[in-house]
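Asks: Input protein_35.cif, format and content: mmCIF, C-alpha atoms.
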data_structure
loop_
_atom_site.label_atom_id
_atom_site.label_comp_id
_atom_site.auth_asym_id
_atom_site.auth_seq_id
_atom_site.Cartn_x
_atom_site.Cartn_y
_atom_site.Cartn_z
CA MET A 916 -0.14 6.01 39.41
CA LEU A 917 2.78 4.06 38.11
CA LEU A 918 2.22 1.52 35.40
CA CYS A 919 3.02 -1.99 36.58
CA LEU A 920 3.20 -4.03 33.41
CA GLY A 921 6.92 -4.34 32.88
CA LEU A 922 6.76 -1.20 30.75
CA ALA A 923 7.74 1.91 32.65
CA GLY A 924 6.14 0.53 35.66
CA CYS A 925 6.80 -0.22 39.22
CA ALA A 926 8.51 -3.16 40.77
CA SER A 927 6.34 -6.21 40.60
CA PRO A 928 4.10 -7.46 43.41
CA ASP A 929 5.93 -9.32 46.17
CA ASP A 930 9.15 -7.95 44.72
CA ILE A 931 11.05 -7.71 47.96
CA THR A 932 11.54 -11.43 48.35
CA GLY A 933 15.22 -11.32 47.53
CA SER A 934 15.65 -8.62 44.90
CA LEU A 935 13.83 -5.95 42.98
CA THR A 936 13.10 -5.49 39.32
CA ASP A 937 14.46 -2.53 37.38
CA SER A 938 11.03 -1.42 36.26
CA SER A 939 10.68 1.34 38.82
CA PRO A 940 10.74 4.81 37.27
CA MET A 941 11.11 6.53 40.59
CA ALA A 942 14.31 4.55 41.15
CA VAL A 943 15.62 5.68 37.77
CA ARG A 944 14.63 9.29 38.42
CA THR A 945 16.28 9.46 41.83
CA ALA A 946 19.36 7.32 41.35
CA ALA A 947 21.63 10.23 40.41
CA ALA A 948 20.63 12.32 43.42
CA SER A 949 20.54 9.55 45.98
CA PRO A 950 23.30 8.07 48.10
CA ALA A 951 25.10 5.14 46.53
CA PRO A 952 23.72 1.79 47.68
CA ARG A 953 25.79 -0.30 50.02
CA ALA A 954 28.06 -2.66 48.18
CA ALA A 955 26.72 -6.14 47.56
CA PRO A 956 28.87 -9.25 47.63
CA PRO A 957 29.89 -10.45 44.18
CA PRO A 958 27.79 -13.16 42.55
CA ALA A 959 28.72 -16.74 43.22
CA SER A 960 31.59 -17.79 41.01
CA HIS A 961 29.92 -21.05 40.05
CA ALA A 962 26.90 -19.41 38.42
CA SER A 963 25.88 -21.00 35.18
CA SER A 964 27.34 -18.95 32.36
CA SER A 965 24.77 -20.22 29.90
CA GLN A 966 21.96 -19.15 32.18
CA ALA A 967 23.55 -15.80 32.90
CA SER A 968 24.02 -14.92 29.25
CA ALA A 969 20.98 -16.45 27.62
CA PRO A 970 19.09 -13.74 25.70
CA ALA A 971 15.38 -13.26 26.29
CA ALA A 972 13.15 -14.57 23.54
CA THR A 973 11.76 -11.86 21.29
CA HIS A 974 7.99 -11.49 21.38
CA PRO A 975 6.49 -12.07 17.89
CA ALA A 976 5.00 -8.57 17.94
CA MET A 977 8.42 -7.05 18.69
CA THR A 978 10.44 -8.44 15.79
CA PRO A 979 11.83 -5.86 13.34
CA ALA A 980 9.40 -7.03 10.65
CA ALA A 981 6.40 -6.79 12.98
CA LEU A 982 7.39 -3.33 14.19
CA ALA A 983 7.95 -2.10 10.66
CA ARG A 984 4.51 -3.40 9.68
CA ASP A 985 2.89 -1.65 12.65
CA GLU A 986 4.70 1.57 11.84
CA ARG A 987 3.40 1.48 8.24
CA ASN A 988 -0.13 0.77 9.44
CA PHE A 989 -0.07 3.33 12.26
CA SER A 990 -2.37 5.94 10.70
CA ALA A 991 -4.93 3.30 9.73
CA CYS A 992 -4.79 1.80 13.22
CA ILE A 993 -5.41 5.18 14.86
CA ALA A 994 -8.28 5.94 12.47
CA ALA A 995 -9.86 2.58 13.25
CA LEU A 996 -10.03 3.57 16.92
CA GLU A 997 -12.35 6.53 16.25
CA PRO A 998 -15.64 4.60 16.74
CA ARG A 999 -14.36 3.23 20.04
CA ALA A 1000 -13.26 6.69 21.14
CA ARG A 1001 -16.61 8.21 20.12
CA ALA A 1002 -18.41 5.55 22.16
CA LYS A 1003 -16.33 6.64 25.18
CA GLY A 1004 -17.35 10.27 24.78
CA VAL A 1005 -14.59 11.73 22.62
CA SER A 1006 -16.06 14.20 20.13
CA ALA A 1007 -15.57 13.66 16.41
CA ALA A 1008 -13.90 17.06 16.06
CA GLY A 1009 -11.68 16.38 19.06
CA PHE A 1010 -10.58 12.98 17.82
CA ARG A 1011 -9.58 14.38 14.45
CA ARG A 1012 -7.88 17.43 15.93
CA TYR A 1013 -5.74 15.48 18.38
CA THR A 1014 -4.83 12.66 16.01
CA ALA A 1015 -4.14 14.76 12.91
CA GLY A 1016 -0.55 14.16 11.89
CA LEU A 1017 0.05 11.84 14.84
CA LYS A 1018 3.11 9.66 14.28
CA PRO A 1019 4.52 6.81 16.34
CA ASP A 1020 7.57 7.32 18.51
CA MET A 1021 9.44 4.14 17.66
CA ASP A 1022 12.09 4.82 20.29
CA ILE A 1023 9.45 3.82 22.83
CA MET A 1024 9.71 0.26 21.55
CA LYS A 1025 13.33 0.16 22.69
CA LYS A 1026 12.26 1.19 26.16
CA LEU A 1027 9.45 -1.35 26.13
CA GLU A 1028 11.88 -4.19 25.49
CA THR A 1029 14.89 -2.94 27.41
CA GLN A 1030 14.60 -4.11 31.00
CA PRO A 1031 18.10 -3.91 32.50
CA GLU A 1032 18.86 -6.24 35.36
CA PHE A 1033 18.28 -4.67 38.75
CA SER A 1034 19.76 -6.28 41.84
CA ARG A 1035 19.06 -3.81 44.60
CA THR A 1036 18.05 -5.19 47.97
CA ALA A 1037 14.97 -3.96 49.81
CA GLY A 1038 17.14 -2.01 52.21
CA ASP A 1039 19.04 -0.26 49.44
CA TYR A 1040 15.79 0.49 47.66
CA VAL A 1041 14.10 2.07 50.68
CA ASP A 1042 17.24 3.97 51.70
CA MET A 1043 17.55 5.34 48.17
CA LEU A 1044 13.99 6.64 48.10
CA VAL A 1045 13.77 7.86 51.70
CA SER A 1046 16.71 10.23 51.52
CA GLU A 1047 17.34 13.21 53.78
CA THR A 1048 16.83 15.50 50.80
CA ARG A 1049 13.45 14.01 50.00
CA ILE A 1050 12.42 14.22 53.66
CA ARG A 1051 13.39 17.89 53.84
CA LYS A 1052 11.66 18.75 50.57
CA GLY A 1053 8.55 16.92 51.76
CA ARG A 1054 8.34 19.08 54.86
CA GLU A 1055 8.83 22.18 52.75
CA ALA A 1056 6.15 21.10 50.27
CA MET A 1057 3.65 20.38 53.02
CA ALA A 1058 4.34 23.74 54.67
CA ALA A 1059 3.94 25.57 51.35
CA HIS A 1060 0.60 23.85 50.69
CA ALA A 1061 -0.59 23.42 54.25
CA GLN A 1062 -4.20 24.37 53.49
CA VAL A 1063 -4.40 21.83 50.68
CA PHE A 1064 -3.04 18.99 52.81
CA ASP A 1065 -5.28 19.90 55.74
CA ALA A 1066 -8.31 19.90 53.44
CA VAL A 1067 -7.29 16.60 51.84
CA GLY A 1068 -7.00 14.97 55.25
CA ARG A 1069 -10.39 16.26 56.39
CA THR A 1070 -12.18 15.40 53.16
CA TYR A 1071 -10.90 11.86 52.60
CA GLY A 1072 -9.68 10.76 56.03
CA VAL A 1073 -6.35 9.84 54.44
CA ASP A 1074 -3.04 10.62 56.13
CA PRO A 1075 -1.79 13.74 54.30
CA TYR A 1076 1.82 12.72 55.00
CA VAL A 1077 1.28 9.58 52.93
CA VAL A 1078 -0.13 11.70 50.10
CA ALA A 1079 2.93 13.95 50.28
CA ALA A 1080 5.22 10.91 50.27
CA ILE A 1081 3.62 9.64 47.07
CA TRP A 1082 4.20 13.05 45.49
CA GLY A 1083 7.82 12.95 46.60
CA ILE A 1084 8.59 9.47 45.35
CA GLU A 1085 6.60 9.66 42.11
CA THR A 1086 7.97 12.97 40.77
CA ASN A 1087 10.30 14.40 43.42
CA TYR A 1088 7.58 16.92 44.32
CA GLY A 1089 6.98 17.83 40.70
CA GLY A 1090 10.58 18.05 39.56
CA ALA A 1091 10.59 14.88 37.46
CA ARG A 1092 7.26 14.43 35.70
CA GLY A 1093 8.45 13.19 32.31
CA SER A 1094 8.44 14.95 28.95
CA TYR A 1095 6.72 12.51 26.58
CA PRO A 1096 3.46 13.77 25.01
CA VAL A 1097 0.92 11.37 26.51
CA ILE A 1098 -1.29 11.14 23.43
CA GLU A 1099 1.68 10.31 21.23
CA ALA A 1100 3.10 7.81 23.74
CA THR A 1101 -0.15 5.95 24.37
CA GLY A 1102 -1.07 6.13 20.66
CA THR A 1103 2.25 4.53 19.78
CA LEU A 1104 1.75 1.73 22.30
CA ALA A 1105 -1.88 1.28 21.19
CA CYS A 1106 -0.86 0.53 17.62
CA VAL A 1107 2.73 -0.73 17.77
CA GLY A 1108 4.27 -3.68 19.57
CA ARG A 1109 3.08 -6.20 22.08
CA ARG A 1110 0.82 -4.18 24.40
CA LYS A 1111 -1.74 -2.86 21.93
CA ALA A 1112 -4.82 -4.24 23.66
CA TYR A 1113 -3.97 -2.64 26.97
CA PHE A 1114 -2.94 0.73 25.59
CA ARG A 1115 -5.95 1.29 23.40
CA ASP A 1116 -7.95 2.10 26.52
CA GLU A 1117 -5.16 4.36 27.76
CA PHE A 1118 -4.97 6.19 24.44
CA ILE A 1119 -8.72 6.80 24.33
CA ALA A 1120 -8.70 7.93 27.97
CA ALA A 1121 -5.92 10.42 27.13
CA LEU A 1122 -8.03 11.78 24.28
CA ARG A 1123 -10.97 12.20 26.65
CA ILE A 1124 -8.82 14.18 29.08
CA VAL A 1125 -7.87 16.82 26.54
CA ASP A 1126 -11.22 16.75 24.72
CA ARG A 1127 -13.19 17.65 27.84
CA GLY A 1128 -10.66 20.34 28.76
CA ASP A 1129 -9.30 18.94 32.01
CA ILE A 1130 -5.67 19.34 30.94
CA PRO A 1131 -4.39 21.20 27.86
CA GLU A 1132 -2.78 18.90 25.33
CA SER A 1133 0.49 20.84 25.56
CA HIS A 1134 0.62 20.15 29.31
CA LEU A 1135 -0.27 16.47 29.09
CA LYS A 1136 3.25 15.08 29.24
CA GLY A 1137 4.70 12.28 31.30
CA SER A 1138 6.52 8.97 31.10
CA TRP A 1139 7.05 7.06 27.88
CA ALA A 1140 4.31 4.67 29.02
CA GLY A 1141 1.77 7.42 29.57
CA ALA A 1142 1.82 8.16 33.32
CA PHE A 1143 1.52 11.89 33.98
CA GLY A 1144 0.96 14.55 36.61
CA LEU A 1145 2.45 15.37 39.99
CA THR A 1146 1.63 11.90 41.33
CA GLN A 1147 1.72 10.00 38.02
CA PHE A 1148 -1.70 8.80 36.96
CA MET A 1149 -2.26 6.58 33.96
CA PRO A 1150 -5.08 8.00 31.80
CA THR A 1151 -7.62 5.33 32.78
CA ALA A 1152 -6.70 5.74 36.47
CA PHE A 1153 -7.22 9.48 36.03
CA GLN A 1154 -10.69 8.84 34.66
CA ARG A 1155 -11.57 6.71 37.69
CA ASP A 1156 -9.96 8.65 40.50
CA ALA A 1157 -9.14 12.25 39.58
CA VAL A 1158 -11.14 14.97 41.34
CA ASP A 1159 -11.52 18.72 40.90
CA PHE A 1160 -10.30 19.54 44.39
CA ASP A 1161 -9.64 23.24 43.75
CA GLY A 1162 -13.15 23.74 42.32
CA ASP A 1163 -12.16 25.40 39.06
CA GLY A 1164 -14.16 22.98 36.90
CA HIS A 1165 -11.15 20.96 35.72
CA ARG A 1166 -9.39 17.87 37.08
CA ASN A 1167 -5.86 19.04 36.42
CA VAL A 1168 -3.34 16.81 38.20
CA VAL A 1169 -0.51 18.35 36.17
CA ASP A 1170 -0.80 22.03 37.08
CA SER A 1171 -2.90 22.01 40.27
CA VAL A 1172 -1.34 20.77 43.49
CA ALA A 1173 -4.81 20.68 45.04
CA ASP A 1174 -6.23 18.49 42.28
CA ALA A 1175 -3.21 16.17 42.34
CA MET A 1176 -3.20 15.71 46.12
CA GLY A 1177 -6.98 15.39 46.28
CA SER A 1178 -6.99 12.82 43.48
CA THR A 1179 -4.24 10.83 45.16
CA ALA A 1180 -6.11 10.82 48.48
CA HIS A 1181 -9.32 9.83 46.68
CA LYS A 1182 -7.56 6.87 45.12
CA LEU A 1183 -6.16 5.76 48.47
CA LYS A 1184 -9.59 6.04 50.07
CA ARG A 1185 -11.08 3.98 47.27
CA GLY A 1186 -8.27 1.48 47.86
CA GLY A 1187 -9.51 0.92 51.41
CA TRP A 1188 -7.72 3.52 53.52
CA ARG A 1189 -9.04 3.60 57.10
CA PRO A 1190 -8.79 6.90 59.03
CA GLY A 1191 -6.75 7.00 62.21
CA MET A 1192 -4.66 3.91 61.43
CA SER A 1193 -0.97 3.68 60.59
CA TRP A 1194 0.24 1.85 57.47
CA GLY A 1195 2.26 -0.47 59.69
CA TYR A 1196 4.64 -0.84 62.62
CA GLU A 1197 8.23 -1.95 62.95
CA VAL A 1198 8.43 -4.85 65.41
CA VAL A 1199 11.01 -7.06 67.08
CA LEU A 1200 10.57 -10.83 66.95
CA PRO A 1201 11.49 -13.26 69.74
CA ARG A 1202 14.41 -15.66 69.29
CA SER A 1203 12.13 -18.68 69.02
CA PHE A 1204 9.77 -17.11 66.50
CA ASP A 1205 8.02 -19.34 63.95
CA TYR A 1206 8.94 -17.74 60.63
CA MET A 1207 6.23 -19.71 58.86
CA LEU A 1208 3.93 -16.98 60.21
CA ALA A 1209 5.61 -14.39 57.98
CA ASP A 1210 2.92 -14.63 55.34
CA LYS A 1211 0.58 -11.89 54.14
CA HIS A 1212 -2.27 -14.41 54.10
CA ARG A 1213 -1.89 -15.11 57.84
CA ARG A 1214 -3.40 -12.07 59.53
CA LYS A 1215 -3.65 -11.87 63.32
CA THR A 1216 -4.83 -9.32 65.83
CA MET A 1217 -2.27 -7.24 67.66
CA ARG A 1218 -3.27 -9.12 70.79
CA GLU A 1219 -2.37 -12.41 69.09
CA TRP A 1220 0.97 -11.07 67.83
CA TRP A 1221 1.74 -9.90 71.37
CA ALA A 1222 0.98 -13.36 72.72
CA LEU A 1223 3.52 -14.75 70.24
CA GLY A 1224 6.20 -12.49 71.70
CA VAL A 1225 6.12 -9.81 68.99
CA ARG A 1226 6.98 -6.36 70.40
CA ARG A 1227 7.53 -2.86 69.09
CA PRO A 1228 11.10 -1.63 69.56
CA GLU A 1229 12.25 0.57 72.43
CA GLY A 1230 9.21 -0.22 74.54
CA ARG A 1231 6.75 1.54 72.25
CA PRO A 1232 3.12 0.55 72.89
CA MET A 1233 1.35 -1.86 70.58
CA PRO A 1234 -1.63 -0.42 68.69
CA ASN A 1235 -5.28 -1.31 69.24
CA ALA A 1236 -5.39 -4.93 70.41
CA SER A 1237 -8.18 -5.85 67.99
CA GLU A 1238 -6.47 -4.34 64.93
CA THR A 1239 -5.34 -7.00 62.48
CA ALA A 1240 -2.08 -7.14 60.55
CA TYR A 1241 0.24 -9.51 58.74
CA LEU A 1242 3.98 -9.89 59.20
CA LEU A 1243 6.31 -8.69 56.45
CA LEU A 1244 10.05 -9.45 56.41
CA PRO A 1245 11.38 -7.38 53.49
CA ALA A 1246 14.97 -8.53 54.08
CA GLY A 1247 14.23 -11.88 55.65
CA ALA A 1248 14.98 -12.88 59.23
CA LYS A 1249 18.16 -10.78 59.34
CA GLY A 1250 16.45 -7.47 58.66
CA PRO A 1251 13.67 -5.32 60.12
CA ALA A 1252 10.21 -6.82 60.60
CA PHE A 1253 6.87 -5.08 60.18
CA LEU A 1254 3.24 -5.65 61.03
CA MET A 1255 1.26 -4.35 58.04
CA THR A 1256 -2.30 -3.03 58.38
CA ASP A 1257 -5.12 -2.53 55.92
CA ASN A 1258 -3.67 0.89 55.13
CA PHE A 1259 -0.53 -0.75 53.77
CA LYS A 1260 -2.86 -2.59 51.40
CA ALA A 1261 -4.39 0.78 50.46
CA ILE A 1262 -0.95 2.05 49.46
CA LEU A 1263 -0.49 -1.14 47.45
CA SER A 1264 -3.64 -0.19 45.53
CA TYR A 1265 -1.68 2.79 44.23
CA ASN A 1266 1.24 0.63 43.21
CA PRO A 1267 1.24 -3.12 43.95
CA SER A 1268 4.85 -3.33 45.10
CA ASP A 1269 5.73 -4.10 48.71
CA SER A 1270 8.99 -2.18 48.44
CA TYR A 1271 7.22 0.87 47.01
CA ALA A 1272 4.54 0.84 49.71
CA LEU A 1273 7.14 0.40 52.45
CA ALA A 1274 9.12 3.36 51.12
CA ILE A 1275 5.95 5.48 50.96
CA GLY A 1276 4.98 4.64 54.53
CA HIS A 1277 8.48 5.22 55.87
CA LEU A 1278 8.90 8.52 54.01
CA ALA A 1279 5.55 9.70 55.37
CA ASP A 1280 6.67 8.94 58.91
CA ARG A 1281 10.02 10.67 58.40
CA ILE A 1282 8.37 13.79 56.97
CA ARG A 1283 6.13 13.79 60.05
CA GLY A 1284 9.23 13.82 62.25
CA GLY A 1285 9.62 10.13 62.99
CA ASP A 1286 12.90 8.26 63.25
CA GLY A 1287 14.48 5.68 61.00
CA PHE A 1288 14.05 1.97 61.49
CA VAL A 1289 15.61 0.54 64.65
CA GLN A 1290 16.69 -2.78 63.15
CA PRO A 1291 19.39 -2.22 60.49
CA TRP A 1292 19.20 -3.72 57.05
CA PRO A 1293 21.59 -6.65 56.59
CA ASP A 1294 24.83 -5.75 54.84
CA ASP A 1295 25.64 -9.27 53.65
CA MET A 1296 22.56 -9.95 51.55
CA ARG A 1297 23.15 -10.51 47.84
CA ALA A 1298 20.14 -9.64 45.73
CA LEU A 1299 19.43 -11.90 42.78
CA SER A 1300 19.33 -10.71 39.20
CA ARG A 1301 16.29 -11.49 37.05
CA THR A 1302 18.24 -14.33 35.41
CA GLU A 1303 19.17 -15.79 38.79
CA ARG A 1304 15.61 -15.50 40.07
CA THR A 1305 14.40 -17.44 37.04
CA GLU A 1306 17.10 -20.04 37.64
CA LEU A 1307 16.03 -20.38 41.27
CA GLN A 1308 12.43 -20.96 40.20
CA GLN A 1309 13.49 -23.53 37.63
CA ARG A 1310 15.62 -25.40 40.14
CA LEU A 1311 12.78 -25.45 42.68
CA ALA A 1312 10.28 -26.59 40.04
CA SER A 1313 12.62 -29.41 38.98
CA ARG A 1314 12.46 -30.63 42.58
CA GLY A 1315 8.68 -30.67 42.56
CA TYR A 1316 7.96 -27.33 44.23
CA ASP A 1317 5.09 -25.18 42.91
CA VAL A 1318 6.65 -21.82 42.04
CA GLY A 1319 4.10 -20.66 39.48
CA PRO A 1320 5.56 -19.36 36.20
CA ALA A 1321 9.38 -19.45 36.09
CA ASP A 1322 9.54 -15.83 34.98
CA GLY A 1323 11.88 -14.23 37.50
CA VAL A 1324 8.97 -12.54 39.31
CA LEU A 1325 9.01 -13.66 42.92
CA GLY A 1326 5.36 -13.86 43.87
CA SER A 1327 3.60 -15.64 46.70
CA SER A 1328 3.91 -19.09 45.07
CA THR A 1329 7.68 -18.79 44.78
CA ARG A 1330 7.95 -17.44 48.29
CA SER A 1331 5.99 -20.41 49.65
CA ALA A 1332 8.17 -22.80 47.66
CA VAL A 1333 11.32 -21.16 49.01
CA ARG A 1334 9.98 -21.49 52.56
CA GLU A 1335 9.22 -25.19 52.04
CA TYR A 1336 12.71 -25.72 50.65
CA GLN A 1337 14.29 -23.87 53.56
CA VAL A 1338 12.45 -26.10 56.02
CA ARG A 1339 13.61 -29.20 54.18
CA VAL A 1340 17.28 -28.23 54.14
CA GLY A 1341 17.39 -26.75 57.64
CA MET A 1342 17.47 -23.05 56.83
CA LEU A 1343 15.44 -20.45 58.67
CA PRO A 1344 12.14 -20.48 56.72
CA ASP A 1345 11.69 -16.76 56.07
CA GLY A 1346 10.76 -17.25 52.39
CA MET A 1347 13.60 -15.06 51.10
CA ALA A 1348 14.92 -15.96 47.66
CA THR A 1349 18.52 -15.05 48.35
CA GLY A 1350 21.91 -15.95 46.98
CA GLU A 1351 22.28 -18.39 49.87
CA VAL A 1352 19.16 -20.28 48.79
CA LEU A 1353 20.26 -20.33 45.15
CA ASP A 1354 23.73 -21.55 46.11
CA SER A 1355 22.14 -24.37 48.13
CA LEU A 1356 19.99 -25.38 45.15
CA ARG A 1357 23.02 -25.31 42.86
CA SER A 1358 25.01 -27.49 45.23
CA GLY A 1359 22.35 -30.19 45.12
CA GLY A 1360 20.12 -29.41 48.10
CA THR A 1361 16.97 -31.52 48.28
#
Can you present the structure in this file as structure tokens?
Replies:
Amino acid sequence: MLLCLGLAGCASPDDITGSLTDSSPMAVRTAAASPAPRAAPPPASHASSSQASAPAATHPAMTPAALARDERNFSACIAALEPRARAKGVSAAGFRRYTAGLKPDMDIMKKLETQPEFSRTAGDYVDMLVSETRIRKGREAMAAHAQVFDAVGRTYGVDPYVVAAIWGIETNYGGARGSYPVIEATGTLACVGRRKAYFRDEFIAALRIVDRGDIPESHLKGSWAGAFGLTQFMPTAFQRDAVDFDGDGHRNVVDSVADAMGSTAHKLKRGGWRPGMSWGYEVVLPRSFDYMLADKHRRKTMREWWALGVRRPEGRPMPNASETAYLLLPAGAKGPAFLMTDNFKAILSYNPSDSYALAIGHLADRIRGGDGFVQPWPDDMRALSRTERTELQQRLASRGYDVGPADGVLGSSTRSAVREYQVRVGMLPDGMATGEVLDSLRSGGT
């Protein structure tokens, strides 16, 4: 499971309301092999240069002096964690064996603080991840491990194509797992920098994994933030969700396809997956549609959506009339629309990013033999950079709108504020934080 803390992690929740963060490792891993994204219009020429170039404030725990102090105290910090590790079941001999000579990887601190701007639209993001190559390799992987996927589907009631899609997007079917020793990486983050409290649990969980013999220490390698295995589990997520699906006595999500796929399906089931239900459906909205209904908190039955004029494209039948769903517009009113079910929420439990979950669902359908989306992604949408998203929030807040923290993360509060602003200035209220909205705010819109 990808880490979603602005470290190596996934795009943030509600990230498809205008633009996506650059914290998605699968995007980094696949960028070189994927088609180039469609060109975006250049930023508005009247952007504030001071806002565009203002450096981010340095966290007190990330100053050179603080990092140097943590590096000097690293061995003492690790030793001080032994009682906590012992209380979690790590043996005394194991703790000393796996921490003997352990040193911090200070290059990880550069990665922790370096978050390049990422201005890829939802359409570009999904197109990048759901490539023809990844679709083909997914079909090949499922054919090669057909018995495993059949058993996973029977055991957990989870769509095996969704499990395969997670494998494909997380590590390109095992080809991009990461090479950082997990104990060293999580130990570094547990004792150096600004995320110590969080990573102490991850470090101890990593020690437990090797101490109980699930995965050999030499095989426990992954991202710089500690995610590992064919479908990228953090150590604590491994402890909660990993299963010994091949029955060999070990939960090895690194070397065993069966264990990795079974563990992924188990996590999805625990996240609320319901058998026999799709993750969602592409739909077409009527001309007079009320875009205020495009809100994940406003669920309706399929019967109710039908009564509002919502249809599936090309005359496809609507699903069970009593099934409930919410409307998601990942590219606003100009792009494709989707009714999302509880199973979309189950995918979000794996990684709380709408764009990620949409890519997973779409890749699963394409591996199964389904077609692409009927409604094209808009070509004229300009995604906002993190700096611009923060500026948009600040400008809305200065007008009295409740956006939550002005941190560049476009969550539900910001989306609601954007929708209210759009109503006030006569725009279509789809809640999209776009360049058009920012330009309107800059030009003095109410």
Asks: Find the distance between atom CA of A:Ser1264 and atom CA of A:Val1125 and write it in Å to one decimal.
Replies: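 Atom-to-atom, atom CA of A:Ser1264 to atom CA of A:Val1125, that is 25.8 Å.
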Asks: Using all atoms listed in the file and a cutoff of 12 Å, can you tell me which residues are near (17.7, -20.1, 61.5) in the file's coordinates, and write them out as a PyMOL selection string?
Replies: chain A and resi 1202-1207+1247-1249+1334+1337-1338+1340-1346
Asks: Which residues would end up in the selection if the PyMOL selection byres ((chain A and resi 1019) around 12) were applied here, given that I need the answer as number ranges by chain?
Replies: A: 982-983, 985-990, 992-993, 1014, 1016-1018, 1020-1024, 1095-1108, 1139
Asks: Name all residues at most 10 Å from A:Leu996 (count only C-alpha atoms; drop same-chain ones fewer than 6 positions away) and give them as a list in words.
Replies: Phe1010, Ala1105, Cys1106, Arg1115, Asp1116, Phe1118 and Ile1119 of chain A
Asks: Can you tell me, as a PDB file with C-alpha atoms, in the frame of the given file, which residues sit within 10 Å of (-3.6, 0.1, 54.1) in the file's frame, using all atoms listed in the file?
Replies:
ATOM      1  CA  LEU A1183      -6.160   5.760  48.470  1.00  0.00           C
ATOM      2  CA  LYS A1184      -9.590   6.040  50.070  1.00  0.00           C
ATOM      3  CA  GLY A1186      -8.270   1.480  47.860  1.00  0.00           C
ATOM      4  CA  GLY A1187      -9.510   0.920  51.410  1.00  0.00           C
ATOM      5  CA  TRP A1188      -7.720   3.520  53.520  1.00  0.00           C
ATOM      6  CA  ARG A1189      -9.040   3.600  57.100  1.00  0.00           C
ATOM      7  CA  PRO A1190      -8.790   6.900  59.030  1.00  0.00           C
ATOM      8  CA  MET A1192      -4.660   3.910  61.430  1.00  0.00           C
ATOM      9  CA  SER A1193      -0.970   3.680  60.590  1.00  0.00           C
ATOM     10  CA  TRP A1194       0.240   1.850  57.470  1.00  0.00           C
ATOM     11  CA  GLY A1195       2.260  -0.470  59.690  1.00  0.00           C
ATOM     12  CA  ALA A1240      -2.080  -7.140  60.550  1.00  0.00           C
ATOM     13  CA  MET A1255       1.260  -4.350  58.040  1.00  0.00           C
ATOM     14  CA  THR A1256      -2.300  -3.030  58.380  1.00  0.00           C
ATOM     15  CA  ASP A1257      -5.120  -2.530  55.920  1.00  0.00           C
ATOM     16  CA  ASN A1258      -3.670   0.890  55.130  1.00  0.00           C
ATOM     17  CA  PHE A1259      -0.530  -0.750  53.770  1.00  0.00           C
ATOM     18  CA  LYS A1260      -2.860  -2.590  51.400  1.00  0.00           C
ATOM     19  CA  ALA A1261      -4.390   0.780  50.460  1.00  0.00           C
ATOM     20  CA  ILE A1262      -0.950   2.050  49.460  1.00  0.00           C
ATOM     21  CA  LEU A1263      -0.490  -1.140  47.450  1.00  0.00           C
ATOM     22  CA  SER A1264      -3.640  -0.190  45.530  1.00  0.00           C
ATOM     23  CA  ALA A1272       4.540   0.840  49.710  1.00  0.00           C
ATOM     24  CA  GLY A1276       4.980   4.640  54.530  1.00  0.00           C
TER      25      GLY A1276
END
Asks: Check which residues satisfy the PyMOL selection byres ((chain A and resi 1064-1071) around 10) in the file shown, then give them as number ranges by chain.
Replies: A: 1056-1063, 1072-1076, 1078-1079, 1160, 1172-1174, 1176-1185, 1188-1190
Asks: Set out as JSON lines a contact list for stretch 1061-1128 of chain A and stretch 1142-1148 of chain A with a cut-off of 6 Å, giving each residue of stretch 1061-1128 of chain A that qualifies its closest atom pair and distance in Å to one decimal, counting all atoms listed in the file, ordered by chain and rising residue number.
Replies:
{"residue": "A:Trp1082", "atom": "CA", "partner": "A:Thr1146", "partner_atom": "CA", "distance": 5.0}
{"residue": "A:Glu1085", "atom": "CA", "partner": "A:Thr1146", "partner_atom": "CA", "distance": 5.5}
{"residue": "A:Gly1089", "atom": "CA", "partner": "A:Leu1145", "partner_atom": "CA", "distance": 5.2}
Asks: I'd like the contact shell of A:Leu1356 - 9 Å cut-off, all atoms listed in the file, skipping same-chain residues fewer than 3 positions apart - returned as a ChimeraX atom specification.
Replies: /A:1307,1310-1311,1351-1353,1359-1361
Asks: Measure the distance from atom CA of A:Val1225 to atom CA of A:Phe1288 in Å and round it to one decimal.
Replies: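 Result for atom CA of A:Val1225 versus atom CA of A:Phe1288: 16.1 Å, one decimal.
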Asks: Quick one: apply the PyMOL selection byres ((chain A and resi 1306) around 10) to the file and drop the selected residues here as number ranges by chain.
Replies: A: 962-963, 966-967, 1299-1305, 1307-1312, 1321-1323, 1353, 1356-1357
Asks: As an exercise, work out the distance from atom CA of A:Arg1051 to atom CA of A:Asp1159 in Å and give it to one decimal place.
Replies: 28.1 Å
Asks: For A:His1277, which residue among A:Ala981, A:Ala1008, A:Leu1200, A:Val1045 is the nearest when counting all atoms listed in the file?
Replies: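 The shortest atom-to-atom distance to A:His1277 comes from A:Val1045.
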Asks: Measuring atom to atom with all atoms listed in the file, identify which of A:Ile1084, A:Leu1027, A:Val1169, A:Ala1120 is nearest to A:Met1043.
Replies: A:Ile1084
Asks: Here is a test: counting all atoms listed in the file, which residue of A:Gly1009, A:Gly1319, A:Gly1053, A:Gly1093 is nearest to A:Asp1126?
Replies: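 So, comparing all the options, the nearest one is A:Gly1009.
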Asks: Identify which of the residues A:Arg1214, A:Arg1166, A:Arg1049, A:Arg1012 lies closest to A:Ala1274, counting only C-alpha atoms when measuring atom-to-atom distances.
Replies: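 Between A:Arg1214, A:Arg1166, A:Arg1049, A:Arg1012, the residue approaching A:Ala1274 most closely is A:Arg1049.
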